[in-house]
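One file, work_19.pdb, carrying PDB, C-alpha atoms:
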```
MODEL        1
ATOM      1  CA  MET N   1       0.429 -86.412  73.268
ATOM      2  CA  PRO N   2      -3.046 -87.886  73.447
ATOM      3  CA  VAL N   3      -5.162 -86.817  76.358
ATOM      4  CA  MET N   4      -6.747 -89.753  78.092
ATOM      5  CA  PRO N   5      -9.991 -89.130  79.963
ATOM      6  CA  SER N   6      -9.240 -89.499  83.639
ATOM      7  CA  GLY N   7     -11.980 -92.104  84.000
ATOM      8  CA  ILE N   8     -10.185 -94.414  81.562
ATOM      9  CA  VAL N   9      -6.853 -93.878  83.296
ATOM     10  CA  HIS N  10      -8.525 -94.695  86.599
ATOM     11  CA  GLN N  11     -10.091 -97.809  85.133
ATOM     12  CA  ARG N  12      -6.682 -99.049  84.003
ATOM     13  CA  HIS N  13      -5.125 -98.362  87.371
ATOM     14  CA  VAL N  14      -8.031 -99.985  89.170
ATOM     15  CA  ALA N  15      -7.906-103.058  86.918
ATOM     16  CA  ALA N  16      -4.179-103.514  87.518
ATOM     17  CA  ALA N  17      -4.544-103.070  91.263
ATOM     18  CA  VAL N  18      -7.492-105.468  91.460
ATOM     19  CA  GLN N  19      -5.545-108.127  89.566
ATOM     20  CA  LYS N  20      -2.589-107.633  91.891
ATOM     21  CA  ALA N  21      -4.880-108.086  94.884
ATOM     22  CA  ALA N  22      -6.479-111.189  93.380
ATOM     23  CA  ASP N  23      -3.051-112.728  92.743
ATOM     24  CA  SER N  24      -1.959-112.089  96.300
ATOM     25  CA  LEU N  25      -5.161-113.601  97.698
ATOM     26  CA  ALA N  26      -5.004-116.876  95.770
ATOM     27  CA  PRO N  27      -5.937-119.659  96.376
ATOM     28  CA  ASP N  28      -8.709-118.365  98.691
ATOM     29  CA  VAL N  29      -9.825-115.984  95.944
ATOM     30  CA  VAL N  30     -10.599-117.492  92.545
ATOM     31  CA  ARG N  31     -11.188-114.154  90.829
ATOM     32  CA  ILE N  32     -12.374-110.618  91.471
ATOM     33  CA  ARG N  33     -14.704-108.640  89.252
ATOM     34  CA  TYR N  34     -15.812-105.087  89.875
ATOM     35  CA  ALA N  35     -18.009-102.294  88.620
ATOM     36  CA  VAL N  36     -17.885 -98.559  89.111
ATOM     37  CA  ALA N  37     -21.347 -97.116  89.701
ATOM     38  CA  LEU N  38     -23.218 -94.693  91.898
ATOM     39  CA  ASP N  39     -23.990 -95.855  95.403
ATOM     40  CA  SER N  40     -27.124 -95.195  97.440
ATOM     41  CA  THR N  41     -25.913 -91.689  98.282
ATOM     42  CA  GLY N  42     -25.332 -90.814  94.614
ATOM     43  CA  LEU N  43     -21.530 -90.912  94.815
ATOM     44  CA  ALA N  44     -19.229 -92.917  92.558
ATOM     45  CA  ALA N  45     -18.253 -96.183  94.188
ATOM     46  CA  ILE N  46     -16.522 -99.402  93.316
ATOM     47  CA  PHE N  47     -18.439-102.619  93.822
ATOM     48  CA  PHE N  48     -16.199-105.673  94.170
ATOM     49  CA  ARG N  49     -17.490-109.171  93.401
ATOM     50  CA  VAL N  50     -15.148-111.663  94.999
ATOM     51  CA  LEU N  51     -15.389-115.322  94.040
ATOM     52  CA  LEU N  52     -14.075-117.489  96.862
ATOM     53  CA  SER N  53     -12.820-121.044  96.689
ATOM     54  CA  ASP N  54     -15.139-123.487  98.424
ATOM     55  CA  GLN N  55     -12.460-124.087 101.029
ATOM     56  CA  ALA N  56     -12.293-120.361 101.839
ATOM     57  CA  SER N  57     -16.098-120.207 102.014
ATOM     58  CA  ARG N  58     -16.320-122.542 104.997
ATOM     59  CA  GLU N  59     -18.715-120.950 107.441
ATOM     60  CA  ASP N  60     -16.459-121.353 110.471
ATOM     61  CA  ARG N  61     -13.878-118.994 108.928
ATOM     62  CA  LEU N  62     -16.083-117.006 106.576
ATOM     63  CA  TYR N  63     -16.223-113.766 108.556
ATOM     64  CA  GLU N  64     -12.456-113.634 109.114
ATOM     65  CA  THR N  65     -11.797-114.586 105.495
ATOM     66  CA  THR N  66     -14.056-111.907 104.020
ATOM     67  CA  GLN N  67     -12.687-109.256 106.388
ATOM     68  CA  ARG N  68      -9.102-110.143 105.491
ATOM     69  CA  ILE N  69      -9.864-110.058 101.771
ATOM     70  CA  SER N  70     -11.692-106.737 102.036
ATOM     71  CA  ARG N  71      -8.770-105.188 103.939
ATOM     72  CA  LYS N  72      -6.275-106.489 101.396
ATOM     73  CA  LEU N  73      -8.290-105.090  98.503
ATOM     74  CA  LEU N  74      -8.523-101.716 100.218
ATOM     75  CA  ASP N  75      -4.786-101.746 100.970
ATOM     76  CA  ILE N  76      -3.834-102.486  97.377
ATOM     77  CA  VAL N  77      -6.499-100.686  95.341
ATOM     78  CA  LYS N  78      -6.919 -97.726  97.734
ATOM     79  CA  PRO N  79     -10.255 -96.703  96.197
ATOM     80  CA  MET N  80     -10.808 -93.771  98.544
ATOM     81  CA  GLU N  81      -7.266 -92.418  98.674
ATOM     82  CA  LYS N  82      -6.528 -92.722  94.963
ATOM     83  CA  PHE N  83      -9.931 -92.389  93.306
ATOM     84  CA  GLY N  84     -12.197 -90.872  95.943
ATOM     85  CA  MET N  85     -14.560 -93.825  95.744
ATOM     86  CA  GLU N  86     -16.265 -95.791  98.485
ATOM     87  CA  ALA N  87     -15.781 -99.557  98.130
ATOM     88  CA  TYR N  88     -18.397-102.257  98.658
ATOM     89  CA  PHE N  89     -17.887-105.994  98.704
ATOM     90  CA  ASN N  90     -19.906-109.022  97.726
ATOM     91  CA  PHE N  91     -18.751-112.612  97.966
ATOM     92  CA  ARG N  92     -19.856-115.978  96.741
ATOM     93  CA  SER N  93     -18.371-119.437  96.633
ATOM     94  CA  ALA N  94     -17.189-121.218  93.504
ATOM     95  CA  SER N  95     -19.882-123.875  93.896
ATOM     96  CA  GLU N  96     -22.618-121.229  94.292
ATOM     97  CA  GLN N  97     -21.450-119.539  91.107
ATOM     98  CA  ALA N  98     -21.356-122.898  89.315
ATOM     99  CA  LYS N  99     -25.081-123.235  90.081
ATOM    100  CA  LEU N 100     -26.059-119.616  89.461
ATOM    101  CA  LYS N 101     -23.962-119.170  86.276
ATOM    102  CA  ASP N 102     -24.118-115.422  86.788
ATOM    103  CA  ALA N 103     -22.359-113.682  83.864
ATOM    104  CA  ALA N 104     -21.341-110.724  86.025
ATOM    105  CA  TRP N 105     -19.265-113.058  88.176
ATOM    106  CA  GLU N 106     -17.510-114.905  85.309
TER     107      GLU N 106
ATOM    108  CA  MET Y   1     -34.965-109.245 124.164
ATOM    109  CA  ARG Y   2     -34.458-105.744 122.814
ATOM    110  CA  LEU Y   3     -35.402-104.880 119.232
ATOM    111  CA  PRO Y   4     -31.805-104.719 117.864
ATOM    112  CA  GLU Y   5     -30.862-108.138 119.246
ATOM    113  CA  GLY Y   6     -34.187-109.562 118.075
ATOM    114  CA  LEU Y   7     -33.596-108.282 114.559
ATOM    115  CA  LEU Y   8     -30.084-109.695 114.491
ATOM    116  CA  GLU Y   9     -31.366-113.090 115.617
ATOM    117  CA  GLN Y  10     -34.037-112.938 112.900
ATOM    118  CA  ALA Y  11     -31.388-112.103 110.270
ATOM    119  CA  GLN Y  12     -29.313-115.083 111.388
ATOM    120  CA  HIS Y  13     -32.381-117.298 111.105
ATOM    121  CA  LEU Y  14     -33.278-116.013 107.633
ATOM    122  CA  ALA Y  15     -29.725-116.472 106.362
ATOM    123  CA  ARG Y  16     -29.885-120.174 107.202
ATOM    124  CA  ARG Y  17     -33.442-120.973 106.155
ATOM    125  CA  GLU Y  18     -33.886-123.378 103.237
ATOM    126  CA  PRO Y  19     -30.467-125.033 103.720
ATOM    127  CA  LYS Y  20     -30.245-126.485 100.207
ATOM    128  CA  ARG Y  21     -31.991-123.939  98.012
ATOM    129  CA  PRO Y  22     -32.179-120.598  99.779
ATOM    130  CA  LYS Y  23     -34.976-118.344  98.593
ATOM    131  CA  GLN Y  24     -33.975-114.903  97.388
ATOM    132  CA  ALA Y  25     -36.688-113.482  99.614
ATOM    133  CA  SER Y  26     -35.061-115.013 102.703
ATOM    134  CA  LEU Y  27     -31.560-113.863 101.766
ATOM    135  CA  ARG Y  28     -32.679-110.351 100.887
ATOM    136  CA  ARG Y  29     -34.688-110.015 104.083
ATOM    137  CA  ALA Y  30     -31.692-111.305 106.075
ATOM    138  CA  ILE Y  31     -29.524-108.491 104.690
ATOM    139  CA  SER Y  32     -32.186-105.875 105.246
ATOM    140  CA  THR Y  33     -32.934-107.113 108.763
ATOM    141  CA  ALA Y  34     -29.248-107.224 109.700
ATOM    142  CA  TYR Y  35     -28.886-103.604 108.595
ATOM    143  CA  TYR Y  36     -31.902-102.572 110.641
ATOM    144  CA  ALA Y  37     -30.490-104.434 113.638
ATOM    145  CA  LEU Y  38     -27.407-102.213 113.554
ATOM    146  CA  PHE Y  39     -29.431 -99.100 112.752
ATOM    147  CA  HIS Y  40     -31.671 -99.638 115.767
ATOM    148  CA  LEU Y  41     -28.751-100.627 118.002
ATOM    149  CA  LEU Y  42     -27.086 -97.263 117.439
ATOM    150  CA  ILE Y  43     -30.289 -95.268 117.792
ATOM    151  CA  SER Y  44     -31.408 -97.097 120.919
ATOM    152  CA  GLU Y  45     -28.004 -96.423 122.464
ATOM    153  CA  ALA Y  46     -27.976 -92.796 121.389
ATOM    154  CA  ILE Y  47     -31.320 -91.911 122.913
ATOM    155  CA  LEU Y  48     -30.309 -93.345 126.302
ATOM    156  CA  SER Y  49     -28.199 -90.235 126.805
ATOM    157  CA  TRP Y  50     -31.286 -88.034 126.571
ATOM    158  CA  LYS Y  51     -32.276 -87.324 130.166
ATOM    159  CA  ARG Y  52     -36.037 -86.866 129.590
ATOM    160  CA  VAL Y  53     -37.226 -90.416 129.110
ATOM    161  CA  GLU Y  54     -40.584 -89.298 127.714
ATOM    162  CA  ASP Y  55     -38.852 -87.593 124.759
ATOM    163  CA  ARG Y  56     -36.670 -90.509 123.713
ATOM    164  CA  ASP Y  57     -39.116 -92.071 121.248
ATOM    165  CA  ASP Y  58     -39.480 -88.763 119.399
ATOM    166  CA  LEU Y  59     -35.735 -88.295 119.421
ATOM    167  CA  ALA Y  60     -35.303 -91.735 117.860
ATOM    168  CA  ARG Y  61     -37.363 -90.616 114.860
ATOM    169  CA  MET Y  62     -34.899 -87.807 114.120
ATOM    170  CA  PHE Y  63     -32.118 -90.111 112.964
ATOM    171  CA  GLU Y  64     -31.835 -90.426 109.197
ATOM    172  CA  HIS Y  65     -30.290 -93.355 107.353
ATOM    173  CA  THR Y  66     -28.196 -91.434 104.838
ATOM    174  CA  ASN Y  67     -26.930 -88.934 107.402
ATOM    175  CA  MET Y  68     -25.890 -91.790 109.633
ATOM    176  CA  LYS Y  69     -24.048 -93.444 106.785
ATOM    177  CA  THR Y  70     -22.203 -90.229 105.956
ATOM    178  CA  VAL Y  71     -21.229 -89.705 109.589
ATOM    179  CA  CYS Y  72     -20.030 -93.307 109.833
ATOM    180  CA  ALA Y  73     -17.968 -92.988 106.633
ATOM    181  CA  ASN Y  74     -16.383 -89.758 107.862
ATOM    182  CA  ARG Y  75     -15.612 -91.251 111.280
ATOM    183  CA  ARG Y  76     -14.117 -94.359 109.687
ATOM    184  CA  ASP Y  77     -11.902 -92.209 107.447
ATOM    185  CA  GLU Y  78     -10.746 -90.139 110.437
ATOM    186  CA  LEU Y  79      -9.887 -93.310 112.321
ATOM    187  CA  ASN Y  80      -8.033 -94.683 109.286
ATOM    188  CA  ALA Y  81      -5.946 -91.499 109.216
ATOM    189  CA  GLN Y  82      -5.195 -91.901 112.922
ATOM    190  CA  PHE Y  83      -4.221 -95.553 112.440
ATOM    191  CA  LYS Y  84      -1.819 -94.547 109.686
ATOM    192  CA  LYS Y  85      -0.078 -92.110 112.005
ATOM    193  CA  THR Y  86       0.225 -94.712 114.731
ATOM    194  CA  LYS Y  87       3.559 -96.454 114.401
ATOM    195  CA  ARG Y  88       3.166-100.054 113.331
ATOM    196  CA  THR Y  89       5.615-100.991 116.048
ATOM    197  CA  ALA Y  90       3.650 -99.197 118.749
ATOM    198  CA  PRO Y  91       2.397-101.582 121.421
ATOM    199  CA  ALA Y  92      -1.316-102.347 121.396
ATOM    200  CA  SER Y  93      -3.089-100.061 123.837
ATOM    201  CA  TYR Y  94      -6.600-100.036 125.229
ATOM    202  CA  ASP Y  95      -7.237 -96.764 123.412
ATOM    203  CA  LEU Y  96      -6.236 -98.325 120.094
ATOM    204  CA  THR Y  97      -8.485-101.321 120.755
ATOM    205  CA  VAL Y  98     -11.424 -99.004 121.432
ATOM    206  CA  ARG Y  99     -10.780 -97.117 118.202
ATOM    207  CA  LYS Y 100     -10.581-100.340 116.225
ATOM    208  CA  HIS Y 101     -13.908-101.459 117.655
ATOM    209  CA  LEU Y 102     -15.465 -98.117 116.726
ATOM    210  CA  HIS Y 103     -13.965 -98.407 113.259
ATOM    211  CA  LEU Y 104     -15.601-101.813 112.844
ATOM    212  CA  VAL Y 105     -18.995-100.428 113.865
ATOM    213  CA  ALA Y 106     -18.737 -97.444 111.495
ATOM    214  CA  GLU Y 107     -17.436 -99.475 108.553
ATOM    215  CA  THR Y 108     -20.090-102.151 109.015
ATOM    216  CA  PHE Y 109     -22.807 -99.499 108.997
ATOM    217  CA  VAL Y 110     -21.456 -98.008 105.749
ATOM    218  CA  GLN Y 111     -21.334-101.420 104.096
ATOM    219  CA  MET Y 112     -24.719-102.571 105.309
ATOM    220  CA  HIS Y 113     -26.466 -99.336 104.352
ATOM    221  CA  GLN Y 114     -25.525 -99.984 100.726
ATOM    222  CA  GLN Y 115     -26.207-103.719 100.909
ATOM    223  CA  ARG Y 116     -29.657-103.061 102.351
ATOM    224  CA  GLU Y 117     -30.379-100.743  99.443
ATOM    225  CA  ASN Y 118     -29.355-103.477  96.988
ATOM    226  CA  ALA Y 119     -31.248-106.200  98.830
ATOM    227  CA  ASP Y 120     -34.457-104.190  99.036
ATOM    228  CA  TYR Y 121     -34.531-102.519  95.620
ATOM    229  CA  ASP Y 122     -32.075-103.976  93.103
ATOM    230  CA  TYR Y 123     -33.657-106.729  90.994
ATOM    231  CA  SER Y 124     -30.486-107.229  88.943
ATOM    232  CA  THR Y 125     -28.460-108.946  91.647
ATOM    233  CA  THR Y 126     -28.789-112.524  92.805
ATOM    234  CA  TRP Y 127     -27.811-113.148  96.394
ATOM    235  CA  ALA Y 128     -25.784-116.154  97.517
ATOM    236  CA  ARG Y 129     -25.902-117.555 101.028
ATOM    237  CA  THR Y 130     -22.134-117.233 101.511
ATOM    238  CA  ASP Y 131     -22.380-113.477 101.081
ATOM    239  CA  VAL Y 132     -25.385-113.149 103.336
ATOM    240  CA  VAL Y 133     -23.918-115.278 106.129
ATOM    241  CA  ALA Y 134     -20.695-113.237 106.002
ATOM    242  CA  LYS Y 135     -22.603-109.956 106.174
ATOM    243  CA  VAL Y 136     -24.826-111.057 109.045
ATOM    244  CA  ALA Y 137     -21.679-112.235 110.845
ATOM    245  CA  ALA Y 138     -20.167-108.798 110.275
ATOM    246  CA  VAL Y 139     -23.163-107.164 111.944
ATOM    247  CA  ASP Y 140     -22.872-109.652 114.822
ATOM    248  CA  ALA Y 141     -19.200-108.652 115.182
ATOM    249  CA  ALA Y 142     -20.199-104.973 115.120
ATOM    250  CA  PHE Y 143     -22.709-105.630 117.931
ATOM    251  CA  LYS Y 144     -19.982-107.273 120.025
ATOM    252  CA  ALA Y 145     -17.537-104.468 119.261
ATOM    253  CA  TRP Y 146     -20.099-101.846 120.223
ATOM    254  CA  LYS Y 147     -20.974-103.562 123.491
ATOM    255  CA  ALA Y 148     -17.276-103.582 124.409
ATOM    256  CA  ILE Y 149     -16.912 -99.800 123.934
ATOM    257  CA  ARG Y 150     -20.401 -98.379 124.462
ATOM    258  CA  LYS Y 151     -19.511 -96.483 127.643
ATOM    259  CA  GLU Y 152     -16.320 -94.927 126.312
ATOM    260  CA  ASP Y 153     -16.282 -91.174 125.705
ATOM    261  CA  ILE Y 154     -15.327 -91.657 122.059
ATOM    262  CA  SER Y 155     -18.339 -93.937 121.573
ATOM    263  CA  GLN Y 156     -20.791 -91.589 123.223
ATOM    264  CA  ALA Y 157     -19.448 -88.700 121.150
ATOM    265  CA  PHE Y 158     -19.894 -90.822 118.028
ATOM    266  CA  LEU Y 159     -23.547 -91.466 118.893
ATOM    267  CA  PHE Y 160     -24.187 -87.746 119.228
ATOM    268  CA  THR Y 161     -22.677 -87.059 115.794
ATOM    269  CA  LEU Y 162     -25.133 -89.476 114.167
ATOM    270  CA  LEU Y 163     -27.708 -86.686 114.309
ATOM    271  CA  GLN Y 164     -25.482 -84.302 112.369
ATOM    272  CA  LYS Y 165     -26.120 -83.473 108.757
ATOM    273  CA  LYS Y 166     -22.723 -83.346 107.085
ATOM    274  CA  ARG Y 167     -21.611 -83.840 103.528
ATOM    275  CA  ARG Y 168     -18.703 -86.129 102.633
TER     276      ARG Y 168
ENDMDL
END
```
Show me the file's structure as structure tokens.
Amino acid sequence: MPVMPSGIVHQRHVAAAVQKAADSLAPDVVRIRYAVALDSTGLAAIFFRVLLSDQASREDRLYETTQRISRKLLDIVKPMEKFGMEAYFNFRSASEQAKLKDAAWE
Amino acid sequence: MRLPEGLLEQAQHLARREPKRPKQASLRRAISTAYYALFHLLISEAILSWKRVEDRDDLARMFEHTNMKTVCANRRDELNAQFKKTKRTAPASYDLTVRKHLHLVAETFVQMHQQRENADYDYSTTWARTDVVAKVAAVDAAFKAWKAIRKEDISQAFLFTLLQKKRR
């Protein structure tokens, strides 16, 4: 039986959980990308990049929207409970990404 | 106006400067300034409990960013564990509301500590106004949450722990 490095297993689990979260958050969330890297304290962390629909990016509901999405991602992915990783979140709107054409967000 | 509120107001201003083409400098400074608003809010509150007024400025210099982040992360995780034990059907209580406010303050500090690091030092990321406005709004919400609970025992105990040096 092949032994899979735990990091790869984690990556698969994380990817599946992130996709599940993205599906449940549509249409407010267009897509979610992420990276695992060290945070400012030198610990492994997961950095979520959440692309919002323009409708969901309206300023009058932006705080509530981003809080709700962050909570949902934490509930589904459980980065701390399952992987011992802190989670950080960044957001941008679809129209901002259309201008910036940032490969990391595609 | 006190320094923390002044910094928060400045962050809100920076986040909305250049309405059509926001400068990265403005967005990055908005994130950094919003973090420092929360940092100074907690320190300025913590030192008020020190009886000797003439020592408070020196005491303020003893708080360290990374320690504070670690304490906030630990406190948030403890509160999460408590929330899990609380029955979902349990009626909302004042105590639960206080804990949720404290959770918001701690979680916002953890998030903003990292975001400030990225905004100040990471050339590889491009900031978008949506993200910055949301993060400044989160700090504003943390200010409001803190002001609602600042005199509670749990809040005062939290302030004291910010001086501790603990590992995660």
Should the cut-off be 7 Å, what would the residue list for chain Y against chain N look like, counting only C-alpha atoms, as a PDB file with C-alpha atoms, in the coordinates of the input?
```
ATOM      1  CA  THR Y  66     -28.196 -91.434 104.838  1.00  0.00           C
ATOM      2  CA  GLN Y 111     -21.334-101.420 104.096  1.00  0.00           C
ATOM      3  CA  GLN Y 114     -25.525 -99.984 100.726  1.00  0.00           C
ATOM      4  CA  GLU Y 117     -30.379-100.743  99.443  1.00  0.00           C
ATOM      5  CA  ALA Y 128     -25.784-116.154  97.517  1.00  0.00           C
ATOM      6  CA  THR Y 130     -22.134-117.233 101.511  1.00  0.00           C
ATOM      7  CA  ASP Y 131     -22.380-113.477 101.081  1.00  0.00           C
ATOM      8  CA  ALA Y 134     -20.695-113.237 106.002  1.00  0.00           C
ATOM      9  CA  ALA Y 137     -21.679-112.235 110.845  1.00  0.00           C
ATOM     10  CA  ALA Y 138     -20.167-108.798 110.275  1.00  0.00           C
TER      11      ALA Y 138
END
```
Residues near Lys72 of chain N, cut-off 10 Å, only C-alpha atoms, skip fewer than 6 positions along chain, as a CSV table (one decimal) with C-alpha atoms, keeping the file's coordinate frame:
```csv
chain,number,residue,atom,x,y,z
N,21,ALA,CA,-4.9,-108.1,94.9
N,22,ALA,CA,-6.5,-111.2,93.4
N,24,SER,CA,-2.0,-112.1,96.3
N,25,LEU,CA,-5.2,-113.6,97.7
N,66,THR,CA,-14.1,-111.9,104.0
N,78,LYS,CA,-6.9,-97.7,97.7
```
Report task. Select, from N:Ala45, N:Leu38, N:Val14, N:Leu51, the residue with the minimum atom-to-atom distance to Ala94 of chain N, counting only C-alpha atoms. Result -> N:Leu51
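Atom CA of Ala34 of chain Y sits 5.5 Å away from atom CA of Leu8 of chain Y.
Residue selection for this entry, given the PyMOL selection byres ((chain Y and resi 105) around 8), comprises His101, Leu102, His103, Leu104, Ala106, Glu107, Thr108, Phe109, Ala142, Phe143, Ala145 and Trp146 of chain Y.
Near Leu48 of chain Y, within a cut-off of 12 Å and counting only C-alpha atoms, sit the residues Leu41, Leu42, Ile43, Val53, Glu54, Asp55, Arg56, Asp57, Leu59, Ala60, Arg150, Lys151, Gln156, Leu159 and Phe160 of chain Y, with same-chain residues fewer than 5 positions away left out.
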Using C-alpha atoms, can you export the residues from the last selection as a PDB file, in the coordinates of the input?
```
ATOM      1  CA  LEU Y  41     -28.751-100.627 118.002  1.00  0.00           C
ATOM      2  CA  LEU Y  42     -27.086 -97.263 117.439  1.00  0.00           C
ATOM      3  CA  ILE Y  43     -30.289 -95.268 117.792  1.00  0.00           C
ATOM      4  CA  VAL Y  53     -37.226 -90.416 129.110  1.00  0.00           C
ATOM      5  CA  GLU Y  54     -40.584 -89.298 127.714  1.00  0.00           C
ATOM      6  CA  ASP Y  55     -38.852 -87.593 124.759  1.00  0.00           C
ATOM      7  CA  ARG Y  56     -36.670 -90.509 123.713  1.00  0.00           C
ATOM      8  CA  ASP Y  57     -39.116 -92.071 121.248  1.00  0.00           C
ATOM      9  CA  LEU Y  59     -35.735 -88.295 119.421  1.00  0.00           C
ATOM     10  CA  ALA Y  60     -35.303 -91.735 117.860  1.00  0.00           C
ATOM     11  CA  ARG Y 150     -20.401 -98.379 124.462  1.00  0.00           C
ATOM     12  CA  LYS Y 151     -19.511 -96.483 127.643  1.00  0.00           C
ATOM     13  CA  GLN Y 156     -20.791 -91.589 123.223  1.00  0.00           C
ATOM     14  CA  LEU Y 159     -23.547 -91.466 118.893  1.00  0.00           C
ATOM     15  CA  PHE Y 160     -24.187 -87.746 119.228  1.00  0.00           C
TER      16      PHE Y 160
END
```
Report task. Evaluate the PyMOL selection byres ((chain Y and resi 158) around 9) and record the selected residues as JSON, numbers by chain, following the chain and residue labels used in the document. Result -> {"Y": [46, 71, 72, 75, 102, 153, 154, 155, 156, 157, 159, 160, 161, 162]}
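Distances from Y:Lys20, Y:Thr97, Y:Ala15, Y:Ser124 to Lys99 of chain N were compared using all atoms listed in the file, and the smallest one belongs to Y:Lys20.
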Report task. Step by step: start from the point (-8.4, -110.3, 89.2) in the file's coordinates, keep every protein, DNA or RNA residue that has an atom no farther than 6 Å from it, count only C-alpha atoms, and write the set as a count of residues only. Result -> 5
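Between atom CA of Lys135 of chain Y and atom CA of Phe63 of chain Y the separation is 23.0 Å.
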Requested in this report: Could you tell me which residues the PyMOL selection byres ((chain Y and resi 116) around 9) returns for this structure, as number ranges by chain?
Outcome: Y: 28-29, 31-36, 111-115, 117-121
